[in-house]
Amino acid sequence: MVHRKKGRKLKRTASHRSALLSNLSISLILHKRIETTEAKAKELRRFIEPLVSKARKALKFKDSAPEKGIHLRREARKFLQSKEALSILFDEIGAKVGDRPGGFTRVLKKGNRWGDGARTAIIEFVDYNYVAKKEAEQKEKDEKAGTADKNAKVKAKETEKKPKKVSAKTKVKDSADKEKKPKTKKKKEASK
């Protein structure tokens, strides 16, 4: 029987593996969606899900027993080691999860990587609708670009409306100026 062999080694030492999973957790918390290998994504679930559960419990203890919430935050700090990620996890993600009993992340298989053929996957938080957010950002960019195009068109029309009127007298003066050529210093010195 195989006892106490849970988890993936990922071809790393224990310290390297814990540092890798800590960094992946921080990246996932900051960006809400990351792309990595399938094995790393599946292993990351085992570490990020309990952290989100702690954030959810800390939110419940906020009013009744704040010291329990502080304890949970300190426990998560042991693993995360990033103040920014910790505050996002406990303030933003913990509130967003709400009453969800579990399953805070999803792993989407993407295909093989071109360089080494490794199976890649995307891991993301379930409660963050990444596609809708991306479409909204694109729509805002299009609207800004549309207003910039409108402004450019208005300016172009204004300049086209008022062309300079050239009279016959100015045309004669311009042609007379072109015919006169200024004498250079060398010609003046040669004439002396």
# chains A, B, ... in the order shown; residues from 1 in each chain; ligands from 1

$ closest_atom_pairs --of "segment 64-114 of chain A" --to "segment 39-43 of chain A" --cutoff "10 Å" --atoms "only C-alpha atoms" --output "Markdown table"
| residue | atom | partner | partner_atom | distance |
| --- | --- | --- | --- | --- |
| A:Thr105 | CA | A:Ala41 | CA | 9.9 |
| A:Arg106 | CA | A:Ala41 | CA | 9.2 |
| A:Val107 | CA | A:Ala41 | CA | 6.8 |
| A:Leu108 | CA | A:Ala41 | CA | 9.2 |
| A:Lys109 | CA | A:Ala41 | CA | 9.6 |

$ select_by_dssp --residues "segment 25-91 of chain A" --states "strand (DSSP E or B)" --output "VMD selection string"
chain A and resid 33 to 37

$ write_last_selection --atoms "N, CA and C atoms" --output "compact mmCIF listing (two decimals), in the first residue's frame"
# COMPACT_ATOMS: atom_id res chain seq x y z
N ARG A 33 -6.43 34.96 -12.86
CA ARG A 33 -6.40 33.93 -13.90
C ARG A 33 -4.96 33.82 -14.40
N ILE A 34 -4.40 32.61 -14.39
CA ILE A 34 -3.05 32.41 -14.87
C ILE A 34 -2.98 31.17 -15.75
N GLU A 35 -1.96 31.14 -16.60
CA GLU A 35 -1.75 29.99 -17.47
C GLU A 35 -0.47 29.30 -17.03
N THR A 36 -0.55 27.99 -16.83
CA THR A 36 0.60 27.20 -16.39
C THR A 36 0.43 25.78 -16.90
N THR A 37 1.29 24.87 -16.46
CA THR A 37 1.12 23.48 -16.89
C THR A 37 -0.05 22.86 -16.13

$ select_by_dssp --residues "segment 84-150 of chain A" --states "alpha helix (DSSP H)" --output "list in words"
Glu84, Ala85, Leu86, Ser87, Gly94, Ala95, Lys96, Val97, Tyr130, Val131, Ala132, Lys133, Lys134, Glu135, Ala136, Glu137, Gln138, Lys139, Glu140, Lys141, Asp142, Glu143, Lys144, Ala145, Gly146, Thr147, Ala148, Asp149 and Lys150 of chain A

$ write_last_selection --atoms "C-alpha atoms" --output "PDB file, in the first residue's frame"
ATOM      1  CA  GLU A  84      -0.696  42.910  -1.321  1.00  0.00           C
ATOM      2  CA  ALA A  85      -1.927  39.415  -2.205  1.00  0.00           C
ATOM      3  CA  LEU A  86      -2.993  38.824   1.391  1.00  0.00           C
ATOM      4  CA  SER A  87      -5.102  41.997   1.516  1.00  0.00           C
ATOM      5  CA  GLY A  94     -13.257  36.514   0.537  1.00  0.00           C
ATOM      6  CA  ALA A  95     -16.190  38.903   0.103  1.00  0.00           C
ATOM      7  CA  LYS A  96     -16.774  37.854  -3.512  1.00  0.00           C
ATOM      8  CA  VAL A  97     -16.923  34.140  -2.657  1.00  0.00           C
ATOM      9  CA  TYR A 130     -12.944  37.007 -17.039  1.00  0.00           C
ATOM     10  CA  VAL A 131     -14.572  36.916 -20.480  1.00  0.00           C
ATOM     11  CA  ALA A 132     -17.214  39.541 -19.625  1.00  0.00           C
ATOM     12  CA  LYS A 133     -14.559  41.781 -18.074  1.00  0.00           C
ATOM     13  CA  LYS A 134     -12.383  41.489 -21.196  1.00  0.00           C
ATOM     14  CA  GLU A 135     -15.345  42.353 -23.466  1.00  0.00           C
ATOM     15  CA  ALA A 136     -16.207  45.387 -21.313  1.00  0.00           C
ATOM     16  CA  GLU A 137     -12.615  46.646 -21.504  1.00  0.00           C
ATOM     17  CA  GLN A 138     -12.589  46.185 -25.277  1.00  0.00           C
ATOM     18  CA  LYS A 139     -15.876  48.061 -25.572  1.00  0.00           C
ATOM     19  CA  GLU A 140     -14.460  50.981 -23.547  1.00  0.00           C
ATOM     20  CA  LYS A 141     -11.372  51.092 -25.768  1.00  0.00           C
ATOM     21  CA  ASP A 142     -13.551  51.118 -28.880  1.00  0.00           C
ATOM     22  CA  GLU A 143     -15.663  53.959 -27.474  1.00  0.00           C
ATOM     23  CA  LYS A 144     -12.547  55.990 -26.629  1.00  0.00           C
ATOM     24  CA  ALA A 145     -11.122  55.321 -30.077  1.00  0.00           C
ATOM     25  CA  GLY A 146     -14.454  56.330 -31.609  1.00  0.00           C
ATOM     26  CA  THR A 147     -14.452  59.670 -29.778  1.00  0.00           C
ATOM     27  CA  ALA A 148     -10.821  60.251 -30.769  1.00  0.00           C
ATOM     28  CA  ASP A 149     -11.715  59.526 -34.422  1.00  0.00           C
ATOM     29  CA  LYS A 150     -14.669  61.929 -34.221  1.00  0.00           C
TER      30      LYS A 150
END

$ residues_around --residues "Gly69 of chain A" --least-positions-apart "2" --cutoff "10 Å" --atoms "only C-alpha atoms" --output "PDB file with N, CA and C atoms, in the first residue's frame"
ATOM      1  N   LYS A  54     -10.172  30.129   4.327  1.00  0.00           N
ATOM      2  CA  LYS A  54      -9.769  30.917   5.498  1.00  0.00           C
ATOM      3  C   LYS A  54     -10.231  32.359   5.356  1.00  0.00           C
ATOM      4  N   ALA A  55     -10.121  32.901   4.155  1.00  0.00           N
ATOM      5  CA  ALA A  55     -10.565  34.282   3.925  1.00  0.00           C
ATOM      6  C   ALA A  55     -12.076  34.397   4.130  1.00  0.00           C
ATOM      7  N   ARG A  56     -12.802  33.382   3.684  1.00  0.00           N
ATOM      8  CA  ARG A  56     -14.259  33.382   3.847  1.00  0.00           C
ATOM      9  C   ARG A  56     -14.652  33.297   5.325  1.00  0.00           C
ATOM     10  N   LYS A  57     -13.960  32.440   6.085  1.00  0.00           N
ATOM     11  CA  LYS A  57     -14.241  32.304   7.523  1.00  0.00           C
ATOM     12  C   LYS A  57     -13.884  33.586   8.265  1.00  0.00           C
ATOM     13  N   ALA A  58     -12.760  34.220   7.876  1.00  0.00           N
ATOM     14  CA  ALA A  58     -12.333  35.459   8.531  1.00  0.00           C
ATOM     15  C   ALA A  58     -13.375  36.558   8.347  1.00  0.00           C
ATOM     16  N   LEU A  59     -14.038  36.561   7.206  1.00  0.00           N
ATOM     17  CA  LEU A  59     -15.082  37.555   6.953  1.00  0.00           C
ATOM     18  C   LEU A  59     -16.273  37.344   7.883  1.00  0.00           C
ATOM     19  N   LYS A  60     -16.578  36.067   8.182  1.00  0.00           N
ATOM     20  CA  LYS A  60     -17.673  35.774   9.113  1.00  0.00           C
ATOM     21  C   LYS A  60     -17.332  36.206  10.530  1.00  0.00           C
ATOM     22  N   PHE A  61     -16.046  36.092  10.913  1.00  0.00           N
ATOM     23  CA  PHE A  61     -15.612  36.440  12.268  1.00  0.00           C
ATOM     24  C   PHE A  61     -15.327  37.927  12.437  1.00  0.00           C
ATOM     25  N   LYS A  62     -15.481  38.707  11.392  1.00  0.00           N
ATOM     26  CA  LYS A  62     -15.095  40.125  11.418  1.00  0.00           C
ATOM     27  C   LYS A  62     -15.779  40.885  12.543  1.00  0.00           C
ATOM     28  N   ASP A  63     -17.071  40.661  12.738  1.00  0.00           N
ATOM     29  CA  ASP A  63     -17.814  41.401  13.756  1.00  0.00           C
ATOM     30  C   ASP A  63     -17.850  40.678  15.096  1.00  0.00           C
ATOM     31  N   SER A  64     -18.081  39.355  15.070  1.00  0.00           N
ATOM     32  CA  SER A  64     -18.269  38.620  16.325  1.00  0.00           C
ATOM     33  C   SER A  64     -16.957  38.384  17.070  1.00  0.00           C
ATOM     34  N   ALA A  65     -15.924  37.888  16.378  1.00  0.00           N
ATOM     35  CA  ALA A  65     -14.649  37.582  17.034  1.00  0.00           C
ATOM     36  C   ALA A  65     -13.497  37.979  16.111  1.00  0.00           C
ATOM     37  N   PRO A  66     -13.097  39.248  16.138  1.00  0.00           N
ATOM     38  CA  PRO A  66     -12.059  39.707  15.218  1.00  0.00           C
ATOM     39  C   PRO A  66     -10.708  39.030  15.424  1.00  0.00           C
ATOM     40  N   GLU A  67     -10.439  38.553  16.665  1.00  0.00           N
ATOM     41  CA  GLU A  67      -9.157  37.889  16.903  1.00  0.00           C
ATOM     42  C   GLU A  67      -9.031  36.591  16.109  1.00  0.00           C
ATOM     43  N   HIS A  71      -6.125  35.664  13.362  1.00  0.00           N
ATOM     44  CA  HIS A  71      -5.394  34.398  13.381  1.00  0.00           C
ATOM     45  C   HIS A  71      -5.398  33.744  11.995  1.00  0.00           C
ATOM     46  N   LEU A  72      -6.551  33.740  11.341  1.00  0.00           N
ATOM     47  CA  LEU A  72      -6.647  33.146  10.009  1.00  0.00           C
ATOM     48  C   LEU A  72      -5.782  33.907   9.002  1.00  0.00           C
ATOM     49  N   ARG A  73      -5.733  35.215   9.144  1.00  0.00           N
ATOM     50  CA  ARG A  73      -4.903  36.036   8.263  1.00  0.00           C
ATOM     51  C   ARG A  73      -3.420  35.719   8.457  1.00  0.00           C
ATOM     52  N   ARG A  74      -3.026  35.520   9.712  1.00  0.00           N
ATOM     53  CA  ARG A  74      -1.626  35.184   9.998  1.00  0.00           C
ATOM     54  C   ARG A  74      -1.269  33.796   9.479  1.00  0.00           C
ATOM     55  N   GLU A  75      -2.208  32.878   9.567  1.00  0.00           N
ATOM     56  CA  GLU A  75      -1.967  31.532   9.041  1.00  0.00           C
ATOM     57  C   GLU A  75      -1.768  31.569   7.517  1.00  0.00           C
ATOM     58  N   PHE A  90      -8.165  38.509   1.454  1.00  0.00           N
ATOM     59  CA  PHE A  90      -9.086  38.609   2.580  1.00  0.00           C
ATOM     60  C   PHE A  90     -10.149  39.691   2.399  1.00  0.00           C
TER      61      PHE A  90
END

$ closest_residue --among "A:Asn112, A:Ser25, A:Thr13, A:Ser18" --to "Leu89 of chain A" --atoms "only C-alpha atoms"
A:Ser25
